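Remarks on the structure that follows.
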Amino acid sequence: MLGELVEVVTKLSEVSDRLKQAGKGRHQEIAEYFTKIEVCLQDSAEQLKSGTVPNNKWGELEIYAYDLRDTIGKEIGDAKAKELGRLLMKTACNIPTDKDIQSIENAAGKFRGLANTITIKKDSNSTTRRQIFTYPAIGLVGLAGGFSLHWYLSQAGKSANGEPSKATDQFPDIKHWRMPTFLSDSVRHTILWNAPDRVCNRIKDMTGGHFDITPDRNRETLEILTKVNNGEKGYECGYSGIYYGRSYKALYFGSAIPFGLNPQEQNAWLYYKKNPDDEETYVQSIYKTVGLENIISFPAGATGAQMGGWFNKKITSVNDFKNLTIRIPGLGGDVLKGFGLNVTTHLDLEEAGKGKYPIDECIKLLKQNKSGTVKNRFDAFDAVEWTGPHDDIELGLHQAANFYYYPGWWEPGTTFDVQVNRKAWDELPRHYQEIFKVACFETHMEMLAEYNQKNIKALKNFPPNIERIEFSNEIMEAAEDKTKEVLNQLAKNPIFNKVYQDWQDFKEEIAWINKVSSI
């Protein structure tokens with residue numbers, strides 16, 4: 001039953017040399033961490049000897065599992081620390097019996113040995129240790145909503161009325177949620193496809209399996225927004241790309257705006273609050289203004305700057321766009337329409353009675369029209385855009401067209417979100433809410449880093465037969481002017497205009513600070 005605990009101690013012993021090499025001032029911190037676990041295990045064993053089930057004391061291991069990565073991850077590596085943290089969490093989820101006393105005491109002794117091997121200073125007064133280390137100081141802080149396990153520690157041992165509770169109350173059973181997503185299996189090999197699973201898996205891991213959310217593939221963004229807002233069963237939350245939902249264009253400012261914010265600026269905007277005391281971010285508040293007042297959103301995926309798409313002919317001026325058909329979502333499509341392009345998404349095809357066309361079908365139609373001879377709007381494409389080099393090659397776009405354009409001026413810092421029904425959200429325990437925020441935030445930042453790394457690698461190993469071409473200055477200037485025209489037209493709507501003005505103010509301010517602080 002305690003196999004995971006034994007494995008944790010064994011693997012820590014194997015890397016003890018690395019722990020000894022910790023930087024100045026770190027030895028004591030790590031030694032104290034191991035001593036906390038030792039005391040927790042010894043106290044649990046003593047309770048078992050007295051015939052008491054050590055619910056509360058054993059439950060402290062969940063906290064140490066959270067703390068492990070921050071405490072020793074720098075010394076042993078992030079991947080190893082995450083692995084050991086998960087093993088310790090599994091241990092904490094299984095309350096021991098009196099048959100486990102010897103194993104627990106053996107493990108406690110090994111943790112004591114680990115503490116002693118990395119520091120000269122020893123404290124043999126177990127009573128003092130017990131007084132000092134009963135409650136650990138945990139420093140994991142997630143930017144997404146300011147989640148702090150300092151707060152978790154202060155709350156985890158309390159029930160809703162502030163009274164002490166059993167350790168198992170820290171992770172009460174929650175009925176299973178579903179997370180409908182617009183990402184179908186047609187994009188299974190892309191980085192973006194994994195985003196909903198990453199959020200769900202993190203939440204499940206951090207709650208010891210007690211909060212289980214299952215992705216539900218192949219839904220539509222508008223359907224997700226409507227049903228999550230209505231609180232329908234199976235739509236407790238959803239994962240979508242807002243710019244696929246045509247009815248809520250004011251929300252596009254939280255997703256993708258042509259010639260908008262770069263990834264760094266976009267992240268600052270996503271977590272921006274007009275007033276630091278506001279409960280929600282500015283982007284979260286937009287949902288209420290567009291009639292989705294029962295939704296609270298969290299950024300949970302970023303592609304970074306995108307490319308300009310795949311074309312079956314060279315584009316040297318805006319005149320070359322005329323009468324071409326391109327697959328593209330969002331405001332970028334509205335801008336390109338101004339140049340005479342036929343802008344087509346799977347929604348257009350569905351409305352035309354052609355059925356749903358996922359991205360793989362769009363690529364197929366682009367490939368069939370590689371020569372540019374098919375002119376029926378719904379039977380072929382002249383251009384298709386997706387995200388960037390890594391995902392595009394994984395999808396096979398390099399086999400469908402010979403000309404790859406950049407930059408993707410229509411999506412300079414694209415964001416995808418998790419939307420949660422407010423009633424379902426409010427029914428979650430507070431620490432579940434904070435865990436949910438952290439899971440979304442970590443997924444968001446991890447995806448951005450992964451795209452940056454893998455796109456660079458993809459460009460270095462790019463297919464030699466593909467010609468990469470930068471949009472001309474003429475096209476870029478015309479596109480920027482047309483973007484302003486489209487935004488000003490949409491700003492006739494007072495809700496859109498209010499968000500647009502606030503976004504412009506933010507864009508100017510952050511551009512200024514970036515300019516004066518750049519090297």
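Just so we're on the same page: first chain in the structure tokens is A, next is B, and so on; residues restart at 1 for each chain, and ligands are numbered from 1 in the order they show up.
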- Item | DSSP alpha helix (DSSP H) selection over stretch 260-482 of chain A, as number ranges by chain | A: 263-270, 282-289, 330-337, 346-351, 359-368, 389-395, 422-426, 430-460, 473-482
- Residues near stretch 202-205 of chain A, cut-off 12 Å, only C-alpha atoms, skip fewer than 3 positions along chain, as an MDAnalysis selection string: chainID A and resid 62 65:66 82:83 85:90 93 171 173:174 176:177 195:199 208:214 300 431:443
- Message: List the spatial neighbours of stretch 408-415 of chain A as number ranges by chain - criterion: any atom at most 6 Å away, only C-alpha atoms, same-chain residues fewer than 4 positions off excluded.
- Response: A: 255-256, 258-259, 262-263, 301-308, 332
- Item | Among listed residues A:Asn461, A:Lys370, A:Gln264, A:Ser517, nearest A:Ala449 (using only C-alpha atoms) |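 Checking each of A:Asn461, A:Lys370, A:Gln264, A:Ser517 against A:Ala449, counting only C-alpha atoms, the winner is A:Gln264.
Counting only C-alpha atoms, the residue from A:Ile257, A:Leu395, A:Ile286, A:Ala22 that sits nearest to A:Gln504 is A:Ile257.
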- Distance of atom CA of A:Gly234 from atom CA of A:Asp360, expressed in Å to one decimal place: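 Spanning atom CA of A:Asp360 to atom CA of A:Gly234 is a straight-line distance of 27.1 Å.
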- Item | Given only C-alpha atoms as the counted atoms, nearest of A:Val318, A:Ile101, A:Ile513, A:Ile393 to A:Lys482 | A:Val318
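Among the candidates A:Asp67, A:Glu293, A:Glu265, A:Glu477, the residue lying nearest to A:Asn514 is A:Glu265 (atoms considered: only C-alpha atoms).
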- Message: Using only C-alpha atoms, can you tell me which of A:Cys40, A:Met206, A:Val499, A:Ala491 comes closest to A:Val283?
- Response: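 The answer is A:Val499, which sits nearest to A:Val283.
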- Query: Could you pull the residues within 8 Å of A:Ile118, counting only C-alpha atoms, minus those fewer than 3 positions along the same chain, as number ranges by chain?
  - Reply: A: 16, 19-20, 27, 31, 114-115
